[in-house]
$ cat input-v9.cif   # mmCIF, C-alpha atoms
data_start
loop_
_atom_site.group_PDB
_atom_site.id
_atom_site.type_symbol
_atom_site.label_atom_id
_atom_site.label_comp_id
_atom_site.auth_asym_id
_atom_site.auth_seq_id
_atom_site.Cartn_x
_atom_site.Cartn_y
_atom_site.Cartn_z
ATOM 1 C CA MET A 223 -41.184 -88.023 -1.774
ATOM 2 C CA HIS A 224 -39.790 -84.504 -1.754
ATOM 3 C CA ALA A 225 -36.861 -83.799 0.554
ATOM 4 C CA ILE A 226 -37.858 -81.448 3.368
ATOM 5 C CA ASP A 227 -35.570 -78.447 3.572
ATOM 6 C CA LEU A 228 -34.373 -77.116 6.909
ATOM 7 C CA PRO A 229 -35.979 -73.980 8.321
ATOM 8 C CA TRP A 230 -33.781 -71.057 7.389
ATOM 9 C CA THR A 231 -32.964 -70.339 11.043
ATOM 10 C CA GLU A 232 -31.040 -73.644 11.011
ATOM 11 C CA LYS A 233 -29.988 -73.659 7.365
ATOM 12 C CA TYR A 234 -28.204 -70.319 7.692
ATOM 13 C CA ARG A 235 -26.948 -70.690 11.253
ATOM 14 C CA PRO A 236 -23.170 -70.038 11.149
ATOM 15 C CA LYS A 237 -21.162 -73.257 11.355
ATOM 16 C CA ASN A 238 -18.046 -71.585 12.768
ATOM 17 C CA LEU A 239 -17.017 -68.334 14.408
ATOM 18 C CA ASN A 240 -15.820 -66.830 11.116
ATOM 19 C CA GLU A 241 -19.400 -66.938 9.799
ATOM 20 C CA VAL A 242 -20.987 -65.218 12.810
ATOM 21 C CA ILE A 243 -22.674 -61.899 12.000
ATOM 22 C CA GLY A 244 -21.844 -59.021 14.354
ATOM 23 C CA GLN A 245 -20.601 -59.330 17.968
ATOM 24 C CA LYS A 246 -17.047 -58.851 16.658
ATOM 25 C CA LEU A 247 -15.342 -58.273 20.020
ATOM 26 C CA ILE A 248 -16.980 -61.321 21.578
ATOM 27 C CA VAL A 249 -16.168 -63.480 18.561
ATOM 28 C CA GLU A 250 -12.496 -62.472 18.745
ATOM 29 C CA ARG A 251 -12.362 -63.465 22.413
ATOM 30 C CA LEU A 252 -13.978 -66.817 21.663
ATOM 31 C CA LYS A 253 -11.497 -67.430 18.843
ATOM 32 C CA SER A 254 -8.643 -66.852 21.281
ATOM 33 C CA PHE A 255 -10.175 -69.435 23.642
ATOM 34 C CA VAL A 256 -10.388 -71.966 20.798
ATOM 35 C CA LYS A 257 -6.780 -71.321 19.874
ATOM 36 C CA ALA A 258 -5.651 -71.821 23.485
ATOM 37 C CA GLY A 259 -7.803 -74.927 23.882
ATOM 38 C CA ASN A 260 -8.966 -73.691 27.255
ATOM 39 C CA PHE A 261 -11.468 -71.153 28.556
ATOM 40 C CA PRO A 262 -13.433 -70.147 31.671
ATOM 41 C CA ASN A 263 -17.079 -70.705 32.473
ATOM 42 C CA MET A 264 -19.085 -68.068 30.626
ATOM 43 C CA ILE A 265 -22.414 -66.259 30.742
ATOM 44 C CA PHE A 266 -23.836 -65.073 27.416
ATOM 45 C CA ALA A 267 -26.286 -62.286 28.298
ATOM 46 C CA GLY A 268 -28.608 -60.422 25.967
ATOM 47 C CA SER A 269 -31.996 -60.400 24.292
ATOM 48 C CA ALA A 270 -33.322 -63.116 22.003
ATOM 49 C CA GLY A 271 -32.088 -63.644 18.461
ATOM 50 C CA ILE A 272 -28.749 -61.811 18.653
ATOM 51 C CA GLY A 273 -26.351 -64.766 18.506
ATOM 52 C CA LYS A 274 -25.897 -66.304 21.967
ATOM 53 C CA THR A 275 -26.727 -69.887 20.993
ATOM 54 C CA THR A 276 -25.079 -69.455 17.597
ATOM 55 C CA CYS A 277 -21.776 -68.373 19.167
ATOM 56 C CA ALA A 278 -21.818 -71.283 21.622
ATOM 57 C CA ILE A 279 -22.375 -73.875 18.888
ATOM 58 C CA ALA A 280 -19.943 -72.203 16.468
ATOM 59 C CA MET A 281 -17.255 -72.164 19.162
ATOM 60 C CA ALA A 282 -17.868 -75.863 19.884
ATOM 61 C CA ASN A 283 -17.586 -76.651 16.165
ATOM 62 C CA ASP A 284 -14.251 -74.835 15.953
ATOM 63 C CA LEU A 285 -12.971 -76.394 19.167
ATOM 64 C CA TYR A 286 -13.918 -79.979 18.358
ATOM 65 C CA GLY A 287 -13.418 -79.865 14.602
ATOM 66 C CA GLY A 288 -17.106 -80.191 13.781
ATOM 67 C CA SER A 289 -17.585 -83.487 15.616
ATOM 68 C CA PHE A 290 -18.474 -82.940 19.254
ATOM 69 C CA ASP A 291 -20.434 -86.064 20.136
ATOM 70 C CA GLY A 292 -19.874 -86.747 23.809
ATOM 71 C CA ALA A 293 -18.126 -83.406 24.298
ATOM 72 C CA PHE A 294 -20.937 -80.849 23.947
ATOM 73 C CA LYS A 295 -24.396 -80.962 25.511
ATOM 74 C CA GLU A 296 -27.108 -78.391 24.942
ATOM 75 C CA LEU A 297 -30.018 -78.082 27.368
ATOM 76 C CA ASN A 298 -32.842 -75.574 27.624
ATOM 77 C CA ALA A 299 -33.477 -74.600 31.227
ATOM 78 C CA SER A 300 -36.971 -73.299 30.450
ATOM 79 C CA ASP A 301 -38.072 -76.869 29.637
ATOM 80 C CA SER A 302 -36.964 -78.209 33.027
ATOM 81 C CA ARG A 303 -36.559 -75.423 35.547
ATOM 82 C CA GLY A 304 -36.122 -77.479 38.712
ATOM 83 C CA ILE A 305 -33.267 -79.052 40.567
ATOM 84 C CA ASP A 306 -33.806 -82.463 38.940
ATOM 85 C CA VAL A 307 -32.360 -81.357 35.594
ATOM 86 C CA ILE A 308 -29.165 -80.225 37.347
ATOM 87 C CA ARG A 309 -28.840 -83.347 39.488
ATOM 88 C CA GLY A 310 -29.748 -85.533 36.518
ATOM 89 C CA GLN A 311 -28.728 -84.563 32.985
ATOM 90 C CA VAL A 312 -26.167 -81.886 33.845
ATOM 91 C CA LYS A 313 -24.377 -83.801 36.574
ATOM 92 C CA GLU A 314 -24.363 -87.081 34.631
ATOM 93 C CA PHE A 315 -22.847 -85.456 31.559
ATOM 94 C CA ALA A 316 -20.292 -83.549 33.650
ATOM 95 C CA LYS A 317 -19.081 -86.866 35.123
ATOM 96 C CA THR A 318 -18.450 -88.530 31.752
ATOM 97 C CA ILE A 319 -15.043 -88.630 30.077
ATOM 98 C CA SER A 320 -14.681 -86.733 26.812
ATOM 99 C CA ILE A 321 -13.591 -88.783 23.801
ATOM 100 C CA ALA A 322 -12.788 -85.686 21.737
ATOM 101 C CA ASP A 323 -9.232 -84.549 21.022
ATOM 102 C CA VAL A 324 -9.814 -81.595 23.347
ATOM 103 C CA PRO A 325 -10.266 -83.000 26.873
ATOM 104 C CA ILE A 326 -12.653 -80.253 28.004
ATOM 105 C CA LYS A 327 -16.410 -80.856 27.704
ATOM 106 C CA ILE A 328 -18.946 -78.036 27.287
ATOM 107 C CA ILE A 329 -22.420 -77.858 28.793
ATOM 108 C CA PHE A 330 -24.480 -75.130 27.147
ATOM 109 C CA LEU A 331 -27.466 -74.231 29.303
ATOM 110 C CA ASP A 332 -29.861 -72.032 27.358
ATOM 111 C CA GLU A 333 -32.250 -69.687 29.209
ATOM 112 C CA ALA A 334 -30.380 -70.371 32.447
ATOM 113 C CA ASP A 335 -32.118 -67.420 34.099
ATOM 114 C CA ALA A 336 -35.293 -69.565 34.098
ATOM 115 C CA LEU A 337 -33.768 -71.979 36.651
ATOM 116 C CA THR A 338 -35.198 -71.917 40.166
ATOM 117 C CA ALA A 339 -32.994 -70.703 43.020
ATOM 118 C CA ASP A 340 -32.498 -74.278 44.302
ATOM 119 C CA ALA A 341 -31.490 -75.439 40.822
ATOM 120 C CA GLN A 342 -28.996 -72.564 40.517
ATOM 121 C CA HIS A 343 -27.368 -73.476 43.843
ATOM 122 C CA ALA A 344 -27.113 -77.102 42.709
ATOM 123 C CA LEU A 345 -25.593 -75.891 39.432
ATOM 124 C CA ARG A 346 -23.020 -73.846 41.332
ATOM 125 C CA ARG A 347 -21.919 -76.940 43.263
ATOM 126 C CA THR A 348 -21.705 -78.960 40.046
ATOM 127 C CA MET A 349 -19.591 -76.249 38.418
ATOM 128 C CA GLU A 350 -17.172 -76.402 41.357
ATOM 129 C CA LYS A 351 -16.947 -80.193 41.516
ATOM 130 C CA PHE A 352 -16.251 -80.792 37.818
ATOM 131 C CA SER A 353 -14.291 -77.637 37.012
ATOM 132 C CA SER A 354 -11.209 -79.524 35.783
ATOM 133 C CA GLU A 355 -12.925 -81.325 32.891
ATOM 134 C CA THR A 356 -16.167 -79.430 32.188
ATOM 135 C CA ARG A 357 -16.905 -75.843 31.201
ATOM 136 C CA PHE A 358 -20.321 -74.228 31.384
ATOM 137 C CA ILE A 359 -21.789 -71.665 29.003
ATOM 138 C CA LEU A 360 -24.959 -70.167 30.467
ATOM 139 C CA SER A 361 -27.223 -68.209 28.144
ATOM 140 C CA ALA A 362 -29.552 -65.698 29.809
ATOM 141 C CA ASN A 363 -31.759 -62.836 28.738
ATOM 142 C CA TYR A 364 -31.155 -61.290 32.167
ATOM 143 C CA ALA A 365 -27.821 -62.172 33.782
ATOM 144 C CA SER A 366 -28.960 -60.422 36.973
ATOM 145 C CA LYS A 367 -31.441 -63.276 37.564
ATOM 146 C CA LEU A 368 -28.532 -65.663 38.078
ATOM 147 C CA ILE A 369 -27.347 -65.956 41.681
ATOM 148 C CA GLU A 370 -24.183 -64.095 42.623
ATOM 149 C CA PRO A 371 -22.090 -67.279 43.273
ATOM 150 C CA ILE A 372 -22.673 -68.337 39.653
ATOM 151 C CA GLN A 373 -21.958 -64.873 38.255
ATOM 152 C CA SER A 374 -18.677 -64.707 40.181
ATOM 153 C CA ARG A 375 -17.547 -68.027 38.658
ATOM 154 C CA CYS A 376 -18.144 -66.922 35.073
ATOM 155 C CA VAL A 377 -16.918 -64.375 32.569
ATOM 156 C CA VAL A 378 -19.933 -62.371 31.407
ATOM 157 C CA PHE A 379 -20.247 -61.536 27.706
ATOM 158 C CA ARG A 380 -22.993 -59.016 26.998
ATOM 159 C CA PHE A 381 -24.396 -59.414 23.484
ATOM 160 C CA LYS A 382 -25.656 -56.227 21.862
ATOM 161 C CA PRO A 383 -28.538 -55.942 19.377
ATOM 162 C CA LEU A 384 -27.198 -56.168 15.841
ATOM 163 C CA ASN A 385 -26.719 -52.930 13.959
ATOM 164 C CA GLU A 386 -28.220 -52.165 10.557
ATOM 165 C CA ALA A 387 -25.034 -52.944 8.610
ATOM 166 C CA ASP A 388 -24.781 -56.420 10.174
ATOM 167 C CA MET A 389 -28.420 -57.158 9.378
ATOM 168 C CA VAL A 390 -28.038 -56.000 5.772
ATOM 169 C CA GLU A 391 -25.023 -58.314 5.421
ATOM 170 C CA TYR A 392 -27.101 -61.226 6.720
ATOM 171 C CA ILE A 393 -30.047 -60.420 4.439
ATOM 172 C CA LYS A 394 -27.707 -60.261 1.437
ATOM 173 C CA ARG A 395 -26.220 -63.630 2.408
ATOM 174 C CA ILE A 396 -29.649 -65.289 2.334
ATOM 175 C CA SER A 397 -31.039 -63.422 -0.668
ATOM 176 C CA ASP A 398 -27.976 -64.298 -2.782
ATOM 177 C CA SER A 399 -28.188 -67.955 -1.794
ATOM 178 C CA GLU A 400 -31.959 -68.212 -2.345
ATOM 179 C CA LYS A 401 -31.948 -65.931 -5.427
ATOM 180 C CA LEU A 402 -34.411 -63.476 -3.920
ATOM 181 C CA GLU A 403 -35.212 -60.065 -5.396
ATOM 182 C CA MET A 404 -35.510 -57.293 -2.810
ATOM 183 C CA ASN A 405 -35.401 -53.527 -3.117
ATOM 184 C CA GLU A 406 -34.099 -51.153 -0.454
ATOM 185 C CA LYS A 407 -37.581 -50.508 0.944
ATOM 186 C CA ALA A 408 -38.126 -54.220 1.534
ATOM 187 C CA ILE A 409 -34.749 -54.528 3.269
ATOM 188 C CA GLU A 410 -35.549 -51.519 5.465
ATOM 189 C CA ALA A 411 -38.905 -53.090 6.345
ATOM 190 C CA LEU A 412 -37.204 -56.378 7.318
ATOM 191 C CA ILE A 413 -34.802 -54.547 9.588
ATOM 192 C CA TYR A 414 -37.650 -52.545 11.123
ATOM 193 C CA VAL A 415 -39.936 -55.493 11.910
ATOM 194 C CA SER A 416 -37.107 -57.687 13.247
ATOM 195 C CA ASP A 417 -35.910 -55.058 15.736
ATOM 196 C CA GLY A 418 -32.380 -56.502 15.982
ATOM 197 C CA ASP A 419 -33.543 -60.128 16.254
ATOM 198 C CA LEU A 420 -31.966 -62.243 13.479
ATOM 199 C CA ARG A 421 -34.180 -65.232 14.245
ATOM 200 C CA LYS A 422 -37.319 -63.139 13.738
ATOM 201 C CA LEU A 423 -35.834 -61.608 10.585
ATOM 202 C CA THR A 424 -35.052 -65.042 9.144
ATOM 203 C CA ASN A 425 -38.535 -66.395 9.828
ATOM 204 C CA VAL A 426 -40.219 -63.349 8.267
ATOM 205 C CA LEU A 427 -37.934 -63.538 5.222
ATOM 206 C CA GLN A 428 -38.596 -67.259 4.707
ATOM 207 C CA SER A 429 -42.357 -66.783 5.065
ATOM 208 C CA ALA A 430 -42.330 -63.952 2.519
ATOM 209 C CA ALA A 431 -40.170 -65.997 0.128
ATOM 210 C CA MET A 432 -42.725 -68.827 0.218
ATOM 211 C CA GLN A 433 -45.126 -66.565 -1.672
ATOM 212 C CA SER A 434 -42.711 -65.075 -4.177
ATOM 213 C CA LYS A 435 -38.996 -64.780 -4.897
ATOM 214 C CA LYS A 436 -39.620 -61.077 -5.447
ATOM 215 C CA ILE A 437 -40.242 -59.622 -1.991
ATOM 216 C CA SER A 438 -41.811 -56.205 -1.516
ATOM 217 C CA GLU A 439 -42.093 -53.893 1.451
ATOM 218 C CA GLN A 440 -45.830 -54.580 1.686
ATOM 219 C CA GLU A 441 -45.301 -58.361 1.850
ATOM 220 C CA VAL A 442 -42.794 -57.974 4.689
ATOM 221 C CA TYR A 443 -45.240 -55.978 6.814
ATOM 222 C CA GLU A 444 -48.099 -58.367 6.027
ATOM 223 C CA VAL A 445 -46.096 -61.483 6.926
ATOM 224 C CA ALA A 446 -44.787 -59.880 10.119
ATOM 225 C CA ALA A 447 -48.275 -58.603 11.063
ATOM 226 C CA LYS A 448 -46.772 -55.174 11.635
ATOM 227 C CA ALA A 449 -47.907 -51.737 10.597
ATOM 228 C CA ARG A 450 -45.856 -49.335 8.547
ATOM 229 C CA PRO A 451 -44.301 -46.632 10.740
ATOM 230 C CA LYS A 452 -46.375 -43.971 8.991
ATOM 231 C CA GLU A 453 -49.610 -45.717 10.045
ATOM 232 C CA ILE A 454 -48.603 -45.663 13.711
ATOM 233 C CA VAL A 455 -47.539 -42.021 13.422
ATOM 234 C CA ALA A 456 -50.854 -41.095 11.761
ATOM 235 C CA MET A 457 -52.825 -42.650 14.621
ATOM 236 C CA LEU A 458 -50.812 -40.770 17.242
ATOM 237 C CA LYS A 459 -50.961 -37.468 15.354
ATOM 238 C CA PHE A 460 -54.741 -37.600 15.073
ATOM 239 C CA ALA A 461 -54.927 -38.216 18.822
ATOM 240 C CA ILE A 462 -52.538 -35.350 19.609
ATOM 241 C CA ASP A 463 -54.583 -33.065 17.355
ATOM 242 C CA GLY A 464 -57.687 -34.028 19.308
ATOM 243 C CA ILE A 465 -59.309 -35.827 16.334
ATOM 244 C CA PHE A 466 -60.310 -38.937 18.241
ATOM 245 C CA ASP A 467 -62.602 -40.435 15.557
ATOM 246 C CA LYS A 468 -59.833 -40.563 12.936
ATOM 247 C CA SER A 469 -57.363 -41.849 15.506
ATOM 248 C CA ARG A 470 -59.784 -44.667 16.337
ATOM 249 C CA ASP A 471 -60.205 -45.429 12.617
ATOM 250 C CA GLU A 472 -56.428 -45.884 12.338
ATOM 251 C CA LEU A 473 -56.539 -48.197 15.363
ATOM 252 C CA ASN A 474 -59.272 -50.231 13.642
ATOM 253 C CA THR A 475 -57.036 -50.616 10.615
ATOM 254 C CA LEU A 476 -54.129 -51.827 12.763
ATOM 255 C CA MET A 477 -56.197 -54.389 14.660
ATOM 256 C CA LEU A 478 -58.541 -55.605 11.926
ATOM 257 C CA LYS A 479 -56.514 -55.266 8.721
ATOM 258 C CA HIS A 480 -53.069 -56.086 10.095
ATOM 259 C CA GLY A 481 -54.261 -58.355 12.902
ATOM 260 C CA MET A 482 -52.030 -56.653 15.445
ATOM 261 C CA ASN A 483 -52.448 -57.202 19.160
ATOM 262 C CA ALA A 484 -52.282 -54.496 21.793
ATOM 263 C CA GLU A 485 -48.712 -55.196 22.889
ATOM 264 C CA ASP A 486 -47.387 -54.922 19.320
ATOM 265 C CA ILE A 487 -49.247 -51.649 18.793
ATOM 266 C CA LEU A 488 -47.917 -50.185 22.046
ATOM 267 C CA MET A 489 -44.340 -51.229 21.222
ATOM 268 C CA GLN A 490 -44.532 -49.642 17.777
ATOM 269 C CA CYS A 491 -46.026 -46.487 19.303
ATOM 270 C CA TYR A 492 -43.094 -46.374 21.716
ATOM 271 C CA LYS A 493 -40.618 -46.683 18.831
ATOM 272 C CA GLU A 494 -42.264 -44.067 16.630
ATOM 273 C CA VAL A 495 -43.104 -41.401 19.206
ATOM 274 C CA GLN A 496 -39.400 -40.820 19.831
ATOM 275 C CA GLY A 497 -38.895 -39.329 16.368
ATOM 276 C CA MET A 498 -42.146 -37.405 16.013
ATOM 277 C CA ASN A 499 -42.000 -33.667 15.475
ATOM 278 C CA ILE A 500 -44.071 -32.714 18.511
ATOM 279 C CA ASP A 501 -43.510 -30.833 21.746
ATOM 280 C CA GLU A 502 -41.215 -32.702 24.157
ATOM 281 C CA ARG A 503 -43.855 -32.462 26.901
ATOM 282 C CA ALA A 504 -46.288 -34.245 24.594
ATOM 283 C CA LYS A 505 -43.729 -37.025 24.063
ATOM 284 C CA LEU A 506 -43.292 -37.403 27.812
ATOM 285 C CA GLY A 507 -47.039 -37.589 28.297
ATOM 286 C CA ILE A 508 -47.485 -40.209 25.570
ATOM 287 C CA ILE A 509 -44.627 -42.373 26.866
ATOM 288 C CA SER A 510 -46.146 -42.191 30.349
ATOM 289 C CA ASP A 511 -49.522 -43.208 28.913
ATOM 290 C CA LEU A 512 -47.950 -46.120 27.018
ATOM 291 C CA GLY A 513 -46.506 -47.447 30.257
ATOM 292 C CA THR A 514 -49.780 -47.049 32.144
ATOM 293 C CA TYR A 515 -51.995 -48.727 29.554
ATOM 294 C CA ASN A 516 -49.454 -51.462 28.850
ATOM 295 C CA PHE A 517 -49.538 -52.335 32.558
ATOM 296 C CA ARG A 518 -53.336 -52.435 32.545
ATOM 297 C CA ILE A 519 -53.402 -54.776 29.533
ATOM 298 C CA VAL A 520 -50.755 -57.068 31.026
ATOM 299 C CA GLU A 521 -52.878 -57.250 34.164
ATOM 300 C CA GLY A 522 -55.799 -58.541 32.102
ATOM 301 C CA ALA A 523 -57.848 -55.504 31.075
ATOM 302 C CA ASN A 524 -59.668 -55.551 27.717
ATOM 303 C CA GLU A 525 -57.182 -54.664 24.965
ATOM 304 C CA ARG A 526 -59.544 -52.735 22.711
ATOM 305 C CA ILE A 527 -61.045 -50.640 25.483
ATOM 306 C CA GLN A 528 -57.635 -49.768 26.908
ATOM 307 C CA LEU A 529 -56.155 -48.753 23.555
ATOM 308 C CA GLU A 530 -59.126 -46.501 22.800
ATOM 309 C CA ALA A 531 -58.916 -45.088 26.322
ATOM 310 C CA MET A 532 -55.251 -44.308 25.754
ATOM 311 C CA LEU A 533 -55.979 -42.471 22.496
ATOM 312 C CA ALA A 534 -58.808 -40.563 24.219
ATOM 313 C CA HIS A 535 -56.497 -39.574 27.063
ATOM 314 C CA ILE A 536 -53.821 -38.380 24.612
ATOM 315 C CA ALA A 537 -56.473 -36.364 22.742
ATOM 316 C CA LEU A 538 -57.698 -34.747 25.961
ATOM 317 C CA THR A 539 -54.328 -33.927 27.529
ATOM 318 C CA ASN A 540 -51.766 -33.430 24.732
ATOM 319 C CA SER A 541 -53.563 -31.458 22.021
ATOM 320 C CA LYS A 542 -52.427 -28.202 23.665
ATOM 321 C CA TYR A 543 -48.795 -29.164 22.956
ATOM 322 C CA LYS A 544 -49.142 -29.742 19.190
ATOM 323 C CA LYS A 545 -46.878 -27.712 16.950
#
$ encode --input "input-v9.cif" --output "structure tokens"
Amino acid sequence: MHAIDLPWTEKYRPKNLNEVIGQKLIVERLKSFVKAGNFPNMIFAGSAGIGKTTCAIAMANDLYGGSFDGAFKELNASDSRGIDVIRGQVKEFAKTISIADVPIKIIFLDEADALTADAQHALRRTMEKFSSETRFILSANYASKLIEPIQSRCVVFRFKPLNEADMVEYIKRISDSEKLEMNEKAIEALIYVSDGDLRKLTNVLQSAAMQSKKISEQEVYEVAAKARPKEIVAMLKFAIDGIFDKSRDELNTLMLKHGMNAEDILMQCYKEVQGMNIDERAKLGIISDLGTYNFRIVEGANERIQLEAMLAHIALTNSKYKK
């Protein structure tokens, strides 16, 4: 039997804080905690795929010397949102005695903002009761969804989306290890489709590498089911110029050829309209339309009809602003 390789999101996850890509200020603070052998409860806040879980595990590896059995517990709050998970798994682990050289145990609660209000209040009481031997790291996309008593008991670290230089460094790390051939256009496409999310970038890169070790720009967009920026811009320009039929043809290409859904198309429109060379009033009108039609689609309206209606509305109202 062939050995099954790890998914690249796990294979290339940093094993210690020195390997973490980006988030330099946060990493330096975490290193100082490891050196001191003590640290406060923490909230890691930020969007998905920018290193929150990675930093928690890397810090635990550094703190416990790579062996943290019985000293580190990872739970995902979105799997069990209610009070039972706090009264059960969290409380039971907090009560145990650590057998690691460092006497402090860590409970890493991923997606903590998914916990119900009752569960958060129970968590707050658990944090108070076992504060001498257990530290909590709460990961949240939105720290504001955590109750104030929890926020006041934690140091909040706000993770920022990774910049282009950090993402290029990460791509080079994988491509060198896997012996991939990539030109600058392919790297730019990877950065564009991942939108600051390293997990998404890694999955797209692995999927593209399954087809060929030589990865092109076209393959990246196909694997990611994204359109090239110029295709989105062309659709919007036709609409602004009042040429609805051609704008609709571009929409057909996005939905049928690339298999894109409405939300992806709207998000790419939002990204691209910012840099278009059109009247600022036209930009404001388009952004307003994007918000309106996105809301309609989220509420359950037909995607295709709403996207065509949006293009028709842009054609009717914004053509007078074209340069």
$ atom_distance --input "input-v9.cif" --atom1 "CA of Val324 (chain A)" --atom2 "CA of Tyr234 (chain A)"
26.7 Å
$ atom_distance --input "input-v9.cif" --atom1 "CA of Arg251 (chain A)" --atom2 "CA of Arg347 (chain A)"
26.6 Å
$ closest_residue --input "input-v9.cif" --among "A:Val378, A:Val520, A:Ala461, A:Ile500" --to "Met532 (chain A)" --atoms "only C-alpha atoms"
A:Ala461
$ closest_residue --input "input-v9.cif" --among "A:Val377, A:Ile272, A:Ala523, A:Ala504" --to "Ser416 (chain A)" --atoms "all atoms listed in the file"
A:Ile272
$ atom_distance --input "input-v9.cif" --atom1 "CA of Asp486 (chain A)" --atom2 "CA of Leu360 (chain A)"
29.3 Å
$ closest_residue --input "input-v9.cif" --among "A:Leu538, A:Leu228, A:Val415, A:Leu420" --to "Asp463 (chain A)" --atoms "all atoms listed in the file"
A:Leu538
$ resolve_selection --input "input-v9.cif" --expression "the PyMOL selection byres ((chain A and resi 363) around 12)" --output "list in words"
Ile265, Phe266, Ala267, Gly268, Ser269, Ala270, Gly271, Ile272, Gly273, Lys274, Thr275, Ser300, Asp332, Glu333, Ala334, Asp335, Ala336, Leu360, Ser361, Ala362, Tyr364, Ala365, Ser366, Lys367, Leu368, Phe379, Arg380, Phe381 and Lys382 of chain A
$ residues_around --input "input-v9.cif" --residues "region 281-296 of chain A" --least-positions-apart "5" --cutoff "6 Å" --atoms "all atoms listed in the file" --output "VMD selection string"
chain A and resid 238 256 320 327 to 330
$ closest_residue --input "input-v9.cif" --among "A:Leu488, A:Val442, A:Ala344, A:Val312" --to "Leu331 (chain A)" --atoms "only C-alpha atoms"
A:Val312
$ resolve_selection --input "input-v9.cif" --expression "the PyMOL selection byres ((chain A and resi 508) around 10)" --output "NGL selection string"
:A and (458 or 462 or 491-492 or 495-496 or 502-507 or 509-514 or 532-533 or 535-536 or 539-540)
$ closest_residue --input "input-v9.cif" --among "A:Pro229, A:Gly244, A:Pro451, A:Pro325" --to "Arg421 (chain A)" --atoms "all atoms listed in the file"
A:Pro229
$ build_atoms --input "input-v9.cif" --residues "region 382-397 of chain A" --atoms "N, CA and C atoms" --output "PDB file, in the coordinates of the input"
ATOM      1  N   LYS A 382     -24.899 -57.423  22.219  1.00  0.00           N
ATOM      2  CA  LYS A 382     -25.656 -56.227  21.862  1.00  0.00           C
ATOM      3  C   LYS A 382     -26.573 -56.509  20.671  1.00  0.00           C
ATOM      4  N   PRO A 383     -27.696 -55.804  20.587  1.00  0.00           N
ATOM      5  CA  PRO A 383     -28.538 -55.942  19.377  1.00  0.00           C
ATOM      6  C   PRO A 383     -27.712 -55.631  18.132  1.00  0.00           C
ATOM      7  N   LEU A 384     -27.974 -56.343  17.062  1.00  0.00           N
ATOM      8  CA  LEU A 384     -27.198 -56.168  15.841  1.00  0.00           C
ATOM      9  C   LEU A 384     -27.519 -54.827  15.189  1.00  0.00           C
ATOM     10  N   ASN A 385     -26.489 -54.206  14.624  1.00  0.00           N
ATOM     11  CA  ASN A 385     -26.719 -52.930  13.959  1.00  0.00           C
ATOM     12  C   ASN A 385     -27.222 -53.150  12.537  1.00  0.00           C
ATOM     13  N   GLU A 386     -27.600 -52.069  11.885  1.00  0.00           N
ATOM     14  CA  GLU A 386     -28.220 -52.165  10.557  1.00  0.00           C
ATOM     15  C   GLU A 386     -27.278 -52.775   9.529  1.00  0.00           C
ATOM     16  N   ALA A 387     -25.995 -52.419   9.583  1.00  0.00           N
ATOM     17  CA  ALA A 387     -25.034 -52.944   8.610  1.00  0.00           C
ATOM     18  C   ALA A 387     -24.903 -54.462   8.726  1.00  0.00           C
ATOM     19  N   ASP A 388     -24.877 -54.973   9.967  1.00  0.00           N
ATOM     20  CA  ASP A 388     -24.781 -56.420  10.174  1.00  0.00           C
ATOM     21  C   ASP A 388     -26.017 -57.131   9.626  1.00  0.00           C
ATOM     22  N   MET A 389     -27.182 -56.531   9.834  1.00  0.00           N
ATOM     23  CA  MET A 389     -28.420 -57.158   9.378  1.00  0.00           C
ATOM     24  C   MET A 389     -28.513 -57.132   7.857  1.00  0.00           C
ATOM     25  N   VAL A 390     -28.053 -56.065   7.241  1.00  0.00           N
ATOM     26  CA  VAL A 390     -28.038 -56.000   5.772  1.00  0.00           C
ATOM     27  C   VAL A 390     -27.114 -57.086   5.222  1.00  0.00           C
ATOM     28  N   GLU A 391     -25.958 -57.264   5.849  1.00  0.00           N
ATOM     29  CA  GLU A 391     -25.023 -58.314   5.421  1.00  0.00           C
ATOM     30  C   GLU A 391     -25.684 -59.691   5.486  1.00  0.00           C
ATOM     31  N   TYR A 392     -26.432 -59.935   6.553  1.00  0.00           N
ATOM     32  CA  TYR A 392     -27.101 -61.226   6.720  1.00  0.00           C
ATOM     33  C   TYR A 392     -28.217 -61.407   5.689  1.00  0.00           C
ATOM     34  N   ILE A 393     -28.987 -60.352   5.441  1.00  0.00           N
ATOM     35  CA  ILE A 393     -30.047 -60.420   4.439  1.00  0.00           C
ATOM     36  C   ILE A 393     -29.459 -60.708   3.062  1.00  0.00           C
ATOM     37  N   LYS A 394     -28.358 -60.039   2.727  1.00  0.00           N
ATOM     38  CA  LYS A 394     -27.707 -60.261   1.437  1.00  0.00           C
ATOM     39  C   LYS A 394     -27.218 -61.705   1.315  1.00  0.00           C
ATOM     40  N   ARG A 395     -26.715 -62.253   2.415  1.00  0.00           N
ATOM     41  CA  ARG A 395     -26.220 -63.630   2.408  1.00  0.00           C
ATOM     42  C   ARG A 395     -27.341 -64.601   2.037  1.00  0.00           C
ATOM     43  N   ILE A 396     -28.532 -64.398   2.625  1.00  0.00           N
ATOM     44  CA  ILE A 396     -29.649 -65.289   2.334  1.00  0.00           C
ATOM     45  C   ILE A 396     -30.229 -65.015   0.950  1.00  0.00           C
ATOM     46  N   SER A 397     -30.411 -63.752   0.614  1.00  0.00           N
ATOM     47  CA  SER A 397     -31.039 -63.422  -0.668  1.00  0.00           C
ATOM     48  C   SER A 397     -30.184 -63.889  -1.847  1.00  0.00           C
TER      49      SER A 397
END
